[in-house]
Amino acid sequence: MVRSQIIEYLEGFKLAVNAPVREGVEVLSITSRTERGFYVATSMGAFTANQIVIASGGYDIPIIPRMAERLPTDIVQLHSAQY
């Protein structure tokens with residue numbers, strides 16, 4: 001897909017699932033919650049989340065951030081090329 005098609009697809013997905021998308025927000029930190037999930041500190045305030053998605057780079061060539069090596073092994077990490 002070209003850029004415009006990707007944007008159109010993501011906009012449609014956001015509307016279809018009523019996703020709580022926040023754009024232009026800086027994530028300052030993510031920490032595990034003892035009960036389940038994560039605390040997320042952002043430039044728009046604090047949030048909790050059951051799952052975290054970290055997206056970097058294009059979807060066609062895997063780019064795995066170095067910080068991924070430091071995550072616990074029980075956290076599932078997939079690149080879009082794997083699904």
# chains A, B, ... in the order shown; residues from 1 in each chain; ligands from 1
call {"tool": "residues_around", "arguments": {"residues": "range 16-32 of chain A", "least_positions_apart": "5", "cutoff": "12 Å", "atoms": "only C-alpha atoms", "output": "number ranges by chain"}}
result
A: 9-11, 37-54, 71-72, 75
call {"tool": "write_last_selection", "arguments": {"atoms": "N, CA, C and O atoms", "output": "tab-separated table (two decimals), in the first residue's frame"}}
result
chain	number	residue	atom	x	y	z
A	9	TYR	N	-6.79	3.33	5.42
A	9	TYR	CA	-7.08	2.08	6.14
A	9	TYR	C	-7.11	2.32	7.64
A	9	TYR	O	-8.03	1.87	8.34
A	10	LEU	N	-6.11	3.02	8.17
A	10	LEU	CA	-6.04	3.26	9.61
A	10	LEU	C	-7.19	4.14	10.10
A	10	LEU	O	-7.76	3.90	11.17
A	11	GLU	N	-7.57	5.14	9.32
A	11	GLU	CA	-8.71	5.98	9.68
A	11	GLU	C	-10.00	5.15	9.73
A	11	GLU	O	-10.81	5.29	10.64
A	37	GLY	N	-1.53	-5.18	33.46
A	37	GLY	CA	-1.45	-4.08	32.52
A	37	GLY	C	-0.31	-3.11	32.83
A	37	GLY	O	0.68	-3.48	33.46
A	38	PHE	N	-0.52	-1.87	32.42
A	38	PHE	CA	0.55	-0.88	32.48
A	38	PHE	C	0.02	0.49	32.89
A	38	PHE	O	-1.13	0.83	32.63
A	39	TYR	N	0.89	1.27	33.52
A	39	TYR	CA	0.68	2.70	33.73
A	39	TYR	C	1.42	3.41	32.60
A	39	TYR	O	2.58	3.07	32.32
A	40	VAL	N	0.79	4.38	32.00
A	40	VAL	CA	1.42	5.12	30.90
A	40	VAL	C	1.37	6.60	31.23
A	40	VAL	O	0.30	7.19	31.36
A	41	ALA	N	2.55	7.22	31.40
A	41	ALA	CA	2.64	8.66	31.64
A	41	ALA	C	2.90	9.34	30.30
A	41	ALA	O	3.82	8.96	29.58
A	42	THR	N	2.06	10.32	29.97
A	42	THR	CA	2.18	11.01	28.68
A	42	THR	C	2.14	12.51	28.86
A	42	THR	O	1.85	13.01	29.95
A	43	SER	N	2.37	13.21	27.77
A	43	SER	CA	2.27	14.67	27.79
A	43	SER	C	0.82	15.13	27.94
A	43	SER	O	0.56	16.31	28.18
A	44	MET	N	-0.15	14.21	27.81
A	44	MET	CA	-1.58	14.53	28.02
A	44	MET	C	-2.09	14.01	29.35
A	44	MET	O	-3.29	14.03	29.60
A	45	GLY	N	-1.21	13.49	30.19
A	45	GLY	CA	-1.64	12.96	31.47
A	45	GLY	C	-1.35	11.48	31.59
A	45	GLY	O	-0.67	10.89	30.76
A	46	ALA	N	-1.91	10.86	32.64
A	46	ALA	CA	-1.66	9.45	32.93
A	46	ALA	C	-2.81	8.59	32.44
A	46	ALA	O	-3.98	8.99	32.48
A	47	PHE	N	-2.47	7.39	31.98
A	47	PHE	CA	-3.44	6.42	31.50
A	47	PHE	C	-3.06	5.04	32.02
A	47	PHE	O	-1.93	4.82	32.42
A	48	THR	N	-4.02	4.12	31.98
A	48	THR	CA	-3.72	2.72	32.20
A	48	THR	C	-4.07	1.98	30.91
A	48	THR	O	-4.92	2.43	30.13
A	49	ALA	N	-3.40	0.87	30.67
A	49	ALA	CA	-3.65	0.08	29.46
A	49	ALA	C	-3.42	-1.39	29.75
A	49	ALA	O	-2.53	-1.74	30.52
A	50	ASN	N	-4.23	-2.23	29.12
A	50	ASN	CA	-4.03	-3.67	29.24
A	50	ASN	C	-2.94	-4.15	28.30
A	50	ASN	O	-2.26	-5.12	28.56
A	51	GLN	N	-2.78	-3.45	27.17
A	51	GLN	CA	-1.78	-3.80	26.18
A	51	GLN	C	-1.12	-2.54	25.66
A	51	GLN	O	-1.72	-1.47	25.64
A	52	ILE	N	0.12	-2.68	25.21
A	52	ILE	CA	0.87	-1.56	24.66
A	52	ILE	C	1.36	-1.96	23.28
A	52	ILE	O	1.87	-3.07	23.08
A	53	VAL	N	1.21	-1.07	22.31
A	53	VAL	CA	1.75	-1.27	20.97
A	53	VAL	C	2.78	-0.19	20.73
A	53	VAL	O	2.49	0.99	20.86
A	54	ILE	N	3.99	-0.61	20.40
A	54	ILE	CA	5.04	0.34	20.05
A	54	ILE	C	5.32	0.17	18.57
A	54	ILE	O	5.69	-0.90	18.12
A	71	LEU	N	13.15	-6.09	27.44
A	71	LEU	CA	11.81	-6.44	27.93
A	71	LEU	C	11.80	-7.87	28.46
A	71	LEU	O	12.52	-8.73	27.97
A	72	PRO	N	10.96	-8.14	29.45
A	72	PRO	CA	10.85	-9.51	29.97
A	72	PRO	C	10.43	-10.48	28.86
A	72	PRO	O	9.68	-10.11	27.95
A	75	ILE	N	6.72	-11.05	27.64
A	75	ILE	CA	6.02	-10.07	26.82
A	75	ILE	C	6.14	-10.48	25.37
A	75	ILE	O	7.24	-10.66	24.85
call {"tool": "atom_distance", "arguments": {"atom1": "CA of Val2 in chain A", "atom2": "CA of Gln77 in chain A"}}
result
25.4 Å
call {"tool": "select_by_dssp", "arguments": {"residues": "range 12-50 of chain A", "states": "alpha helix (DSSP H)", "output": "VMD selection string"}}
result
chain A and resid 12 to 17
call {"tool": "closest_residue", "arguments": {"among": "A:Met1, A:Ala55, A:Ala81, A:Phe13", "to": "Ala68 in chain A", "atoms": "only C-alpha atoms"}}
result
A:Ala55
call {"tool": "atom_distance", "arguments": {"atom1": "CA of Ser80 in chain A", "atom2": "CA of Ile6 in chain A"}}
result
13.7 Å
call {"tool": "atom_distance", "arguments": {"atom1": "CA of Glu8 in chain A", "atom2": "CA of Ile64 in chain A"}}
result
25.3 Å
call {"tool": "select_by_dssp", "arguments": {"residues": "range 35-83 of chain A", "states": "strand (DSSP E or B)", "output": "list in words"}}
result
Phe38, Tyr39, Val40, Ala41, Thr42, Gly45, Ala46, Phe47, Thr48 and Ala49 of chain A
call {"tool": "write_last_selection", "arguments": {"atoms": "N, CA, C and O atoms", "output": "short mmCIF file (atom, residue, chain, number, x, y, z; two decimals), in the first residue's frame"}}
result
data_model
loop_
_atom_site.label_atom_id
_atom_site.label_comp_id
_atom_site.auth_asym_id
_atom_site.auth_seq_id
_atom_site.Cartn_x
_atom_site.Cartn_y
_atom_site.Cartn_z
N PHE A 38 -0.52 -1.87 32.42
CA PHE A 38 0.55 -0.88 32.48
C PHE A 38 0.02 0.49 32.89
O PHE A 38 -1.13 0.83 32.63
N TYR A 39 0.89 1.27 33.52
CA TYR A 39 0.68 2.70 33.73
C TYR A 39 1.42 3.41 32.60
O TYR A 39 2.58 3.07 32.32
N VAL A 40 0.79 4.38 32.00
CA VAL A 40 1.42 5.12 30.90
C VAL A 40 1.37 6.60 31.23
O VAL A 40 0.30 7.19 31.36
N ALA A 41 2.55 7.22 31.40
CA ALA A 41 2.64 8.66 31.64
C ALA A 41 2.90 9.34 30.30
O ALA A 41 3.82 8.96 29.58
N THR A 42 2.06 10.32 29.97
CA THR A 42 2.18 11.01 28.68
C THR A 42 2.14 12.51 28.86
O THR A 42 1.85 13.01 29.95
N GLY A 45 -1.21 13.49 30.19
CA GLY A 45 -1.64 12.96 31.47
C GLY A 45 -1.35 11.48 31.59
O GLY A 45 -0.67 10.89 30.76
N ALA A 46 -1.91 10.86 32.64
CA ALA A 46 -1.66 9.45 32.93
C ALA A 46 -2.81 8.59 32.44
O ALA A 46 -3.98 8.99 32.48
N PHE A 47 -2.47 7.39 31.98
CA PHE A 47 -3.44 6.42 31.50
C PHE A 47 -3.06 5.04 32.02
O PHE A 47 -1.93 4.82 32.42
N THR A 48 -4.02 4.12 31.98
CA THR A 48 -3.72 2.72 32.20
C THR A 48 -4.07 1.98 30.91
O THR A 48 -4.92 2.43 30.13
N ALA A 49 -3.40 0.87 30.67
CA ALA A 49 -3.65 0.08 29.46
C ALA A 49 -3.42 -1.39 29.75
O ALA A 49 -2.53 -1.74 30.52
#
call {"tool": "decode", "arguments": {"residues": "range 37-68 of chain A", "atoms": "N, CA and C atoms", "output": "JSON list (two decimals), in the first residue's frame"}}
result
[["chain", "number", "residue", "atom", "x", "y", "z"],
["A", 37, "GLY", "N", -1.53, -5.18, 33.46],
["A", 37, "GLY", "CA", -1.45, -4.08, 32.52],
["A", 37, "GLY", "C", -0.31, -3.11, 32.83],
["A", 38, "PHE", "N", -0.52, -1.87, 32.42],
["A", 38, "PHE", "CA", 0.55, -0.88, 32.48],
["A", 38, "PHE", "C", 0.02, 0.49, 32.89],
["A", 39, "TYR", "N", 0.89, 1.27, 33.52],
["A", 39, "TYR", "CA", 0.68, 2.70, 33.73],
["A", 39, "TYR", "C", 1.42, 3.41, 32.60],
["A", 40, "VAL", "N", 0.79, 4.38, 32.00],
["A", 40, "VAL", "CA", 1.42, 5.12, 30.90],
["A", 40, "VAL", "C", 1.37, 6.60, 31.23],
["A", 41, "ALA", "N", 2.55, 7.22, 31.40],
["A", 41, "ALA", "CA", 2.64, 8.66, 31.64],
["A", 41, "ALA", "C", 2.90, 9.34, 30.30],
["A", 42, "THR", "N", 2.06, 10.32, 29.97],
["A", 42, "THR", "CA", 2.18, 11.01, 28.68],
["A", 42, "THR", "C", 2.14, 12.51, 28.86],
["A", 43, "SER", "N", 2.37, 13.21, 27.77],
["A", 43, "SER", "CA", 2.27, 14.67, 27.79],
["A", 43, "SER", "C", 0.82, 15.13, 27.94],
["A", 44, "MET", "N", -0.15, 14.21, 27.81],
["A", 44, "MET", "CA", -1.58, 14.53, 28.02],
["A", 44, "MET", "C", -2.09, 14.01, 29.35],
["A", 45, "GLY", "N", -1.21, 13.49, 30.19],
["A", 45, "GLY", "CA", -1.64, 12.96, 31.47],
["A", 45, "GLY", "C", -1.35, 11.48, 31.59],
["A", 46, "ALA", "N", -1.91, 10.86, 32.64],
["A", 46, "ALA", "CA", -1.66, 9.45, 32.93],
["A", 46, "ALA", "C", -2.81, 8.59, 32.44],
["A", 47, "PHE", "N", -2.47, 7.39, 31.98],
["A", 47, "PHE", "CA", -3.44, 6.42, 31.50],
["A", 47, "PHE", "C", -3.06, 5.04, 32.02],
["A", 48, "THR", "N", -4.02, 4.12, 31.98],
["A", 48, "THR", "CA", -3.72, 2.72, 32.20],
["A", 48, "THR", "C", -4.07, 1.98, 30.91],
["A", 49, "ALA", "N", -3.40, 0.87, 30.67],
["A", 49, "ALA", "CA", -3.65, 0.08, 29.46],
["A", 49, "ALA", "C", -3.42, -1.39, 29.75],
["A", 50, "ASN", "N", -4.23, -2.23, 29.12],
["A", 50, "ASN", "CA", -4.03, -3.67, 29.24],
["A", 50, "ASN", "C", -2.94, -4.15, 28.30],
["A", 51, "GLN", "N", -2.78, -3.45, 27.17],
["A", 51, "GLN", "CA", -1.78, -3.80, 26.18],
["A", 51, "GLN", "C", -1.12, -2.54, 25.66],
["A", 52, "ILE", "N", 0.12, -2.68, 25.21],
["A", 52, "ILE", "CA", 0.87, -1.56, 24.66],
["A", 52, "ILE", "C", 1.36, -1.96, 23.28],
["A", 53, "VAL", "N", 1.21, -1.07, 22.31],
["A", 53, "VAL", "CA", 1.75, -1.27, 20.97],
["A", 53, "VAL", "C", 2.78, -0.19, 20.73],
["A", 54, "ILE", "N", 3.99, -0.61, 20.40],
["A", 54, "ILE", "CA", 5.04, 0.34, 20.05],
["A", 54, "ILE", "C", 5.32, 0.17, 18.57],
["A", 55, "ALA", "N", 5.07, 1.22, 17.80],
["A", 55, "ALA", "CA", 5.24, 1.16, 16.36],
["A", 55, "ALA", "C", 6.40, 2.05, 15.95],
["A", 56, "SER", "N", 7.30, 1.49, 15.17],
["A", 56, "SER", "CA", 8.44, 2.28, 14.68],
["A", 56, "SER", "C", 8.77, 1.85, 13.27],
["A", 57, "GLY", "N", 9.09, 2.80, 12.43],
["A", 57, "GLY", "CA", 9.52, 2.49, 11.07],
["A", 57, "GLY", "C", 8.39, 2.06, 10.17],
["A", 58, "GLY", "N", 8.76, 1.67, 8.98],
["A", 58, "GLY", "CA", 7.81, 1.18, 8.00],
["A", 58, "GLY", "C", 7.36, -0.22, 8.32],
["A", 59, "TYR", "N", 6.31, -0.65, 7.68],
["A", 59, "TYR", "CA", 5.77, -1.97, 7.99],
["A", 59, "TYR", "C", 6.40, -3.08, 7.17],
["A", 60, "ASP", "N", 7.15, -2.74, 6.14],
["A", 60, "ASP", "CA", 7.66, -3.78, 5.24],
["A", 60, "ASP", "C", 9.06, -4.29, 5.61],
["A", 61, "ILE", "N", 9.82, -3.51, 6.35],
["A", 61, "ILE", "CA", 11.16, -3.91, 6.75],
["A", 61, "ILE", "C", 11.24, -3.88, 8.28],
["A", 62, "PRO", "N", 11.49, -5.03, 8.91],
["A", 62, "PRO", "CA", 11.53, -5.05, 10.38],
["A", 62, "PRO", "C", 12.60, -4.11, 10.95],
["A", 63, "ILE", "N", 12.17, -3.25, 11.86],
["A", 63, "ILE", "CA", 13.08, -2.40, 12.63],
["A", 63, "ILE", "C", 12.72, -2.65, 14.09],
["A", 64, "ILE", "N", 13.57, -3.34, 14.79],
["A", 64, "ILE", "CA", 13.32, -3.69, 16.19],
["A", 64, "ILE", "C", 14.15, -2.76, 17.08],
["A", 65, "PRO", "N", 13.49, -1.94, 17.91],
["A", 65, "PRO", "CA", 14.25, -1.03, 18.79],
["A", 65, "PRO", "C", 15.13, -1.82, 19.75],
["A", 66, "ARG", "N", 16.30, -1.30, 20.07],
["A", 66, "ARG", "CA", 17.23, -1.96, 21.00],
["A", 66, "ARG", "C", 16.59, -2.20, 22.36],
["A", 67, "MET", "N", 15.67, -1.31, 22.78],
["A", 67, "MET", "CA", 15.04, -1.48, 24.09],
["A", 67, "MET", "C", 14.24, -2.78, 24.16],
["A", 68, "ALA", "N", 13.86, -3.34, 23.02],
["A", 68, "ALA", "CA", 13.10, -4.60, 23.00],
["A", 68, "ALA", "C", 13.90, -5.73, 23.63]]
